[in-house]
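To be precise, the following lines are query13.txt, and they hold compact mmCIF, C-alpha atoms and all ligand atoms.
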# COMPACT_ATOMS: atom_id res chain seq x y z
CA MET A 1 -6.34 -23.27 19.48
CA ASN A 2 -6.69 -21.40 16.23
CA PHE A 3 -9.56 -19.04 15.47
CA LEU A 4 -8.88 -19.34 11.75
CA SER A 5 -9.60 -23.06 11.84
CA VAL A 6 -13.22 -22.07 12.46
CA TYR A 7 -13.28 -21.12 8.79
CA ALA A 8 -12.04 -24.53 7.73
CA ILE A 9 -13.82 -26.90 10.12
CA GLY A 10 -11.99 -30.16 10.51
CA ASN A 11 -9.67 -29.33 7.66
CA ALA A 12 -6.03 -29.87 8.63
CA SER A 13 -4.60 -28.52 5.39
CA PRO A 14 -1.05 -27.12 5.37
CA ILE A 15 -2.42 -23.58 5.08
CA VAL A 16 -4.42 -23.96 8.29
CA GLN A 17 -1.37 -25.45 10.02
CA LEU A 18 0.73 -22.50 8.86
CA LEU A 19 -1.89 -20.05 10.11
CA THR A 20 -1.97 -21.88 13.44
CA VAL A 21 1.79 -21.48 13.77
CA ILE A 22 1.58 -17.77 12.85
CA ASN A 23 -1.26 -17.29 15.32
CA GLU A 24 0.50 -19.03 18.20
CA THR A 25 3.84 -17.27 17.68
CA GLY A 26 1.81 -14.07 17.42
CA ASP A 27 0.26 -14.71 20.82
CA LYS A 28 3.66 -15.42 22.38
CA MET A 29 5.06 -12.27 20.80
CA LYS A 30 2.11 -10.20 22.03
CA ALA A 31 2.71 -11.40 25.58
CA LYS A 32 6.42 -10.56 25.29
CA THR A 33 6.18 -7.08 23.77
CA ASN A 34 3.56 -5.55 26.08
CA LEU A 35 2.23 -3.22 23.41
CA ASP A 36 0.05 -1.14 25.71
CA LYS A 37 3.24 0.21 27.28
CA ILE A 38 4.70 1.52 24.03
CA PRO A 39 4.60 5.34 23.91
CA ILE A 40 3.03 7.30 21.04
CA PHE A 41 6.30 8.96 20.17
CA ARG A 42 9.87 8.15 21.11
CA LYS A 43 13.04 10.03 20.32
CA THR A 44 14.22 7.07 18.24
CA ASP A 45 11.27 7.68 15.89
CA ILE A 46 13.22 10.66 14.56
CA ILE A 47 15.71 8.14 13.10
CA ILE A 48 12.88 6.54 11.11
CA ILE A 49 11.59 9.92 9.90
CA ALA A 50 15.12 11.02 8.94
CA ALA A 51 15.74 7.74 7.09
CA VAL A 52 12.48 8.04 5.13
CA ILE A 53 13.24 11.68 4.23
CA ALA A 54 16.77 10.69 3.15
CA ILE A 55 15.47 7.91 0.87
CA ALA A 56 12.83 10.32 -0.49
CA ALA A 57 15.54 12.92 -1.24
CA VAL A 58 17.73 10.36 -3.04
CA SER A 59 14.82 9.04 -5.13
CA PHE A 60 13.78 12.62 -5.94
CA LEU A 61 17.30 13.43 -7.17
CA VAL A 62 17.37 10.25 -9.26
CA ALA A 63 13.95 11.09 -10.74
CA VAL A 64 15.04 14.67 -11.56
CA LYS A 65 18.33 13.50 -13.04
CA ASN A 66 16.43 11.26 -15.41
CA THR A 67 14.33 14.20 -16.54
CA SER A 68 15.43 15.56 -19.87
CA SER A 69 13.66 17.48 -22.61
CA ALA A 70 11.04 15.24 -24.14
CA ASN A 71 10.95 14.51 -27.82
CA MET A 72 9.34 11.11 -28.08
CA VAL A 73 6.03 9.79 -26.78
CA VAL A 74 6.44 6.08 -26.08
CA VAL A 75 3.51 3.73 -25.59
CA ARG A 76 4.05 0.41 -23.86
CA VAL A 77 1.62 -2.42 -23.36
CA ASN A 78 2.76 -5.02 -20.84
CA GLY A 79 6.15 -3.30 -20.84
CA GLU A 80 6.69 -3.75 -24.57
CA ILE A 81 6.90 -0.73 -26.83
CA THR A 82 3.93 -0.79 -29.19
CA ALA A 83 4.10 2.73 -30.63
CA GLU A 84 6.26 5.86 -30.68
CA TYR A 85 5.19 9.34 -31.76
CA PRO A 86 7.15 12.60 -32.09
CA TYR A 87 6.38 14.93 -29.18
CA SER A 88 6.59 18.08 -31.31
CA GLU A 89 3.81 17.06 -33.72
CA ASN A 90 0.27 17.49 -32.51
CA GLY A 91 -2.04 14.58 -33.16
CA GLU A 92 -4.48 12.02 -31.82
CA TYR A 93 -3.91 8.29 -31.85
CA GLU A 94 -5.97 5.24 -30.89
CA ILE A 95 -4.20 2.94 -28.42
CA LYS A 96 -5.30 -0.65 -27.78
CA GLY A 97 -4.27 -2.28 -24.50
CA GLU A 98 -4.99 -5.52 -22.70
CA ASN A 99 -8.47 -6.66 -21.65
CA GLY A 100 -10.14 -4.80 -24.52
CA ILE A 101 -9.13 -1.41 -23.10
CA GLU A 102 -8.86 1.36 -25.69
CA LEU A 103 -8.03 5.02 -25.28
CA THR A 104 -7.19 8.08 -27.32
CA LEU A 105 -3.73 9.55 -26.93
CA VAL A 106 -3.71 13.32 -27.47
CA ILE A 107 -0.46 15.14 -28.22
CA ALA A 108 -0.94 18.91 -28.04
CA ASP A 109 1.52 20.95 -25.93
CA GLY A 110 1.87 17.93 -23.69
CA VAL A 111 0.35 14.49 -23.64
CA SER A 112 -3.01 13.46 -22.25
CA VAL A 113 -5.52 10.63 -22.54
CA ARG A 114 -9.09 11.05 -23.70
CA SER A 115 -12.16 8.80 -23.54
CA PRO A 116 -10.65 5.58 -22.18
CA ASN A 117 -13.02 2.64 -21.70
CA CYS A 118 -11.31 1.41 -18.53
CA PRO A 119 -13.44 1.22 -15.36
CA ASP A 120 -11.44 3.65 -13.19
CA LYS A 121 -10.65 6.39 -15.77
CA LEU A 122 -7.55 7.22 -13.72
CA CYS A 123 -5.44 7.55 -16.89
CA GLU A 124 -7.72 10.34 -18.07
CA LYS A 125 -7.66 11.99 -14.66
CA THR A 126 -3.84 12.10 -14.71
CA GLY A 127 -4.23 15.07 -17.05
CA LEU A 128 -1.47 16.67 -19.08
CA ILE A 129 2.09 15.42 -18.74
CA THR A 130 4.93 17.52 -20.07
CA ASN A 131 8.28 16.14 -18.93
CA THR A 132 10.17 12.88 -18.92
CA SER A 133 9.77 12.11 -15.24
CA GLN A 134 6.02 11.86 -15.72
CA SER A 135 3.93 9.10 -17.19
CA ILE A 136 0.32 8.17 -17.74
CA ILE A 137 -0.56 4.68 -16.68
CA CYS A 138 -3.71 2.72 -17.35
CA LEU A 139 -3.43 -0.23 -15.02
CA PRO A 140 -6.52 -2.14 -16.27
CA GLY A 141 -5.21 -1.95 -19.86
CA ARG A 142 -1.56 -2.37 -18.77
CA ILE A 143 -0.74 0.66 -20.89
CA SER A 144 2.01 3.08 -19.95
CA ILE A 145 2.59 6.30 -21.83
CA THR A 146 5.90 7.98 -21.16
CA LEU A 147 7.84 10.94 -22.51
CA GLU A 148 11.40 10.22 -23.42
CA GLY A 149 14.41 12.31 -24.37
CA ASP A 150 16.61 11.61 -27.36
CA SER A 151 19.57 10.37 -25.33
CA ASN A 152 19.67 6.78 -24.20
CA GLU A 153 20.70 7.94 -20.74
CA VAL A 154 17.28 7.20 -19.27
CA ASP A 155 17.24 3.69 -20.68
CA ALA A 156 20.74 3.10 -19.35
CA VAL A 157 19.64 4.07 -15.85
CA VAL A 158 16.26 2.41 -15.72
CA GLY A 159 17.22 -0.60 -17.85
CA MET B 1 -14.97 -18.98 24.81
CA LYS B 2 -11.64 -17.36 24.24
CA LYS B 3 -11.63 -18.55 20.65
CA SER B 4 -15.01 -17.05 19.82
CA LEU B 5 -14.04 -13.79 21.56
CA LYS B 6 -10.93 -13.55 19.45
CA LEU B 7 -12.88 -14.37 16.31
CA THR B 8 -15.41 -11.64 17.09
CA ARG B 9 -12.65 -9.10 17.66
CA CYS B 10 -10.93 -10.12 14.44
CA ALA B 11 -14.20 -9.72 12.56
CA LEU B 12 -14.71 -6.25 14.04
CA LEU B 13 -11.18 -5.19 13.10
CA CYS B 14 -11.66 -6.61 9.59
CA ALA B 15 -14.83 -4.52 9.28
CA ALA B 16 -12.89 -1.46 10.45
CA ALA B 17 -10.15 -2.16 7.87
CA VAL B 18 -12.73 -2.49 5.10
CA VAL B 19 -14.49 0.74 6.13
CA LEU B 20 -11.16 2.59 6.29
CA SER B 21 -10.10 1.41 2.85
CA MET B 22 -13.53 2.39 1.48
CA LEU B 23 -13.09 5.85 3.00
CA GLU B 24 -9.63 6.02 1.53
CA SER B 25 -10.82 5.19 -1.98
CA ALA B 26 -13.57 7.81 -1.60
CA LEU B 27 -10.90 10.48 -1.09
CA PRO B 28 -10.17 12.51 -4.23
CA VAL B 29 -7.15 11.20 -6.11
CA PRO B 30 -4.63 13.95 -6.89
CA ILE B 31 -3.62 13.96 -10.54
CA PHE B 32 -0.02 12.86 -10.00
CA PHE B 33 -1.13 9.72 -8.19
CA LEU B 34 -0.49 6.36 -9.66
CA PRO B 35 -3.69 4.37 -10.11
CA GLY B 36 -4.18 1.73 -7.46
CA CYS B 37 -1.77 3.24 -4.97
CA ARG B 38 -3.26 4.43 -1.71
CA LEU B 39 -1.96 6.19 1.35
CA GLY B 40 -2.50 3.16 3.56
CA LEU B 41 -4.73 4.75 6.19
CA ALA B 42 -6.38 1.33 6.46
CA ASN B 43 -3.12 0.30 8.18
CA LEU B 44 -4.68 1.81 11.29
CA ALA B 45 -6.88 -1.27 11.68
CA VAL B 46 -3.83 -3.53 11.35
CA ILE B 47 -1.70 -1.58 13.82
CA VAL B 48 -4.55 -1.71 16.35
CA ALA B 49 -5.09 -5.42 15.61
CA ILE B 50 -1.57 -6.44 16.71
CA PRO B 51 -1.98 -5.57 20.41
CA ILE B 52 -5.60 -6.74 20.55
CA VAL B 53 -5.65 -10.04 18.64
CA GLY B 54 -1.93 -10.65 18.12
CA ALA B 55 0.09 -11.16 14.95
CA GLY B 56 -2.12 -13.99 13.69
CA GLY B 57 -5.21 -11.82 13.90
CA ALA B 58 -3.38 -8.95 12.19
CA VAL B 59 -2.51 -11.31 9.31
CA SER B 60 -6.19 -12.18 8.93
CA VAL B 61 -7.16 -8.48 8.96
CA CYS B 62 -4.60 -7.83 6.21
CA VAL B 63 -5.84 -10.74 4.11
CA VAL B 64 -9.50 -9.75 4.48
CA LYS B 65 -8.68 -6.15 3.52
CA SER B 66 -6.87 -7.32 0.38
CA LEU B 67 -9.71 -9.69 -0.50
CA PHE B 68 -12.19 -6.82 -0.16
CA ILE B 69 -10.09 -4.64 -2.48
CA LEU B 70 -9.75 -7.60 -4.86
CA VAL B 71 -13.55 -7.87 -5.08
CA ALA B 72 -14.22 -4.11 -5.09
CA ARG B 73 -11.45 -2.80 -7.34
CA GLY B 74 -10.15 -5.69 -9.36
CA VAL B 75 -7.33 -8.22 -9.43
CA MET B 76 -4.52 -5.73 -9.89
CA ALA B 77 -5.54 -3.41 -7.06
CA GLY B 78 -5.98 -6.51 -4.89
CA PHE B 79 -2.50 -7.76 -5.75
CA MET B 80 -1.00 -4.35 -4.98
CA SER B 81 -2.90 -4.17 -1.70
CA PHE B 82 -1.72 -7.66 -0.76
CA CYS B 83 1.95 -6.80 -1.48
CA GLY B 84 1.68 -3.54 0.45
CA GLY B 85 -0.15 -5.19 3.34
CA ALA B 86 2.28 -8.10 3.68
CA VAL B 87 5.42 -5.93 3.65
CA SER B 88 4.01 -3.29 5.99
CA LEU B 89 2.81 -5.94 8.44
CA ALA B 90 6.26 -7.54 8.47
CA VAL B 91 7.91 -4.16 9.17
CA MET B 92 5.32 -3.39 11.87
CA LEU B 93 5.85 -6.70 13.69
CA LEU B 94 9.63 -6.39 13.48
CA LEU B 95 9.69 -2.84 14.86
CA PHE B 96 7.18 -3.67 17.61
CA TYR B 97 9.28 -6.67 18.57
CA ILE B 98 12.50 -4.59 18.72
CA LYS B 99 10.68 -2.30 21.19
CA GLN B 100 12.82 0.74 20.41
CA PHE B 101 10.21 2.84 18.64
CA GLY B 102 6.92 4.54 19.46
CA TYR B 103 3.65 4.11 17.58
CA VAL B 104 4.41 7.07 15.30
CA GLY B 105 7.79 5.62 14.26
CA VAL B 106 6.40 2.13 13.64
CA SER B 107 3.49 3.60 11.73
CA ILE B 108 5.66 5.80 9.49
CA ALA B 109 8.06 2.94 8.74
CA SER B 110 5.21 0.58 7.87
CA ALA B 111 3.46 3.22 5.74
CA ALA B 112 6.71 3.84 3.84
CA ALA B 113 7.18 0.08 3.38
CA HIS B 114 3.54 -0.21 2.28
CA ASN B 115 3.91 2.46 -0.40
CA THR B 116 7.27 1.17 -1.63
CA ALA B 117 5.87 -2.35 -1.93
CA GLN B 118 2.83 -1.07 -3.81
CA LEU B 119 5.07 0.78 -6.25
CA ALA B 120 7.16 -2.37 -6.64
CA ALA B 121 3.97 -4.33 -7.37
CA ALA B 122 2.88 -1.70 -9.91
CA ALA B 123 6.34 -1.78 -11.50
CA LEU B 124 6.04 -5.57 -11.72
CA ILE B 125 2.57 -5.40 -13.30
CA MET B 126 3.61 -2.73 -15.78
CA TRP B 127 7.07 -4.23 -16.18
CA ASP B 128 8.35 -0.67 -16.08
CA ILE B 129 10.80 0.49 -13.39
CA ARG B 130 9.95 4.08 -14.32
CA VAL B 131 7.06 3.81 -11.87
CA PHE B 132 9.62 4.43 -9.12
CA SER B 133 10.00 8.05 -10.20
CA PHE B 134 7.00 8.62 -7.90
CA LEU B 135 8.78 7.07 -4.92
CA TRP B 136 9.90 10.34 -3.27
CA LEU B 137 6.32 11.64 -3.28
CA TYR B 138 4.95 8.46 -1.77
CA LEU B 139 7.61 8.45 0.94
CA LEU B 140 6.80 12.03 1.95
CA LEU B 141 3.09 11.17 1.96
CA SER B 142 3.80 8.13 4.12
CA ILE B 143 5.35 10.39 6.77
CA ALA B 144 2.11 12.37 6.92
CA ALA B 145 -0.15 9.29 6.84
CA GLY B 146 2.07 7.42 9.31
CA THR B 147 2.04 10.30 11.80
CA VAL B 148 -1.76 10.41 11.71
CA THR B 149 -2.29 6.63 12.05
CA GLY B 150 0.49 6.32 14.64
CA PHE B 151 -0.97 9.08 16.77
CA VAL B 152 -4.50 7.69 16.60
CA ALA B 153 -3.27 4.16 17.38
CA GLY B 154 -1.10 5.41 20.26
CA VAL B 155 -4.06 7.25 21.78
CA CYS B 156 -6.58 4.43 21.28
CA VAL B 157 -4.65 1.23 21.99
CA PRO B 158 -3.70 1.54 25.71
CA PRO B 159 -7.22 2.34 27.02
CA LEU B 160 -8.70 -0.18 24.58
CA CYS B 161 -6.34 -2.90 25.84
CA LYS B 162 -7.20 -2.00 29.43
CA VAL B 163 -10.95 -2.28 28.80
CA LEU B 164 -10.58 -5.54 26.89
CA ASN B 165 -8.32 -7.03 29.56
CA THR B 166 -10.78 -6.20 32.35
CA LEU B 167 -13.55 -7.60 30.20
CA ASP B 168 -11.59 -10.82 29.64
CA ARG B 169 -10.89 -11.16 33.37
CA GLY B 170 -14.52 -10.48 34.22
CA LEU B 171 -15.69 -13.10 31.75
CA GLY B 172 -13.08 -15.58 32.98
CA SER B 173 -13.96 -15.22 36.70
CA GLY B 174 -17.67 -15.18 35.84
CA THR B 175 -17.51 -18.56 34.14
CA ASN B 176 -15.29 -19.98 36.88
CA LYS B 177 -17.59 -19.00 39.73
CA SER B 178 -20.92 -19.90 38.22
ZN ZN A 201 -7.33 3.84 -17.70

As structure tokens, how would this structure be written, given the file I've shared?
Amino acid sequence: MNFLSVYAIGNASPIVQLLTVINETGDKMKAKTNLDKIPIFRKTDIIIIAAVIAIAAVSFLVAVKNTSSANMVVVRVNGEITAEYPYSENGEYEIKGENGIELTLVIADGVSVRSPNCPDKLCEKTGLITNTSQSIICLPGRISITLEGDSNEVDAVVG
Amino acid sequence: MKKSLKLTRCALLCAAAVVLSMLESALPVPIFFLPGCRLGLANLAVIVAIPIVGAGGAVSVCVVKSLFILVARGVMAGFMSFCGGAVSLAVMLLLFYIKQFGYVGVSIASAAAHNTAQLAAAALIMWDIRVFSFLWLYLLLSIAAGTVTGFVAGVCVPPLCKVLNTLDRGLGSGTNKS
């Protein structure tokens, strides 16, 4: 009865059994819910929108509260601090991340990344960051570059 | 007969999901965006899949979409897509089952869940909870994306279901008579 079993002909592995169960309960559910009778918009949808806006507002306030004047540039690879540089001193530093990814960290009235060798170059496209709520992340190299204030307040909040 | 029909429809929806996620990655990425995170417009294919091929089919659409992203954009983007897809599908099914919300509401909730799960996945990969400082932005974006996908799904699904149901009935009676 399961379309997915077409992919695994004659194979009664637990995964296929699980998919069969999901598929059959899905069909029962579909028959029960009558989805073509659900309207595009209902008044109750406002509750969802309000809830999402409320969570957004709270997370914005938390993010802003954690923003303080930057004075350290912290480089993490895999979540571990590998280098720290003073924010006030201009300079360029070579950063080595995972998977052979390397990039140049530029500190000059803000922090930016130059000539990374990662495939997506999204870290470079992030551009200049100037306050502690911002960060540059290179996912392929698992590198995160953050600005941090002198107080340990941020660390206390974010652990 | 029914099985092959369902399989064909699943395959079509999977293709739609892949095309949507390709379109999405072709969109320019604003500078404040976290790499790997997407708006989740490809959710449209999943939300349409639930009424047409049921929850099981929607699961397969989600998995195929994540596999495509895995191949096209790497392991990490694939992992993030899988987390986002799984959580948003769960929210979608739950809200559809409760039957208290319209397409727009379900779509916004699932988009918000999608983005939050992707950020959680990114935070896990980076092992840095700081990633969540982007959460407010993603939630606001999910309202916009959810409204669009919800509206499109709400407009498309009822006539689509009608056509497919008549088609099914026609095929069924055709095989019975002949
Ligand atoms: Zn990069």

Q: Return as a VMD selection string every polymer residue, whether protein, DNA or RNA, with at least one atom no more than 7 Å from an atom of ligand ZN 201 (chain A); count only C-alpha atoms and all ligand atoms.
A: chain A and resid 116 118 120 to 124 137 to 141

Q: Could you check which of B:Met76, B:Trp127, B:Ser133, B:Gln118 is closest to Glu80 of chain A, using all atoms listed in the file?
A: B:Trp127

Q. Between B:Ala90, B:Ala117, B:Val106, B:Ala145, which is the closest to chain A once you count all atoms listed in the file?
A.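 Checking each of B:Ala90, B:Ala117, B:Val106, B:Ala145 against chain A, counting all atoms listed in the file, the winner is B:Val106.
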
Q: Could you jot down the atom CA of Gly54 of chain B to atom CA of Asn23 of chain A separation for me, Å, one decimal place?
A: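 Between atom CA of Gly54 of chain B and atom CA of Asn23 of chain A the gap is 7.2 Å.
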
Segment 75-84 of chain B: axis-aligned bounding box, 3 Å on each side, centre and edge lengths in Å, one decimal, as JSON:
{"center_x": -2.7, "center_y": -5.8, "center_z": -4.7, "size_x": 15.3, "size_y": 10.8, "size_z": 16.3}

Q.
Please determine, counting all atoms listed in the file, which residue among B:Gly78, B:Gly154, B:Gly146, B:Gly85 has the shortest atom-to-atom distance to chain A.
A.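 With all atoms listed in the file as the atom set, the closest residue is B:Gly154.
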
Q) What is the distance, in Å and to one decimal place, between atom CA of Lys125 of chain A and atom CA of Val87 of chain B? A)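 Between atom CA of Lys125 of chain A and atom CA of Val87 of chain B the gap is 28.8 Å.
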
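Minimum atom-to-atom distances from A:Met72, A:Ala108, A:Ile22, A:Val64 to chain B were compared using only C-alpha atoms, and the lowest value belongs to A:Ile22.
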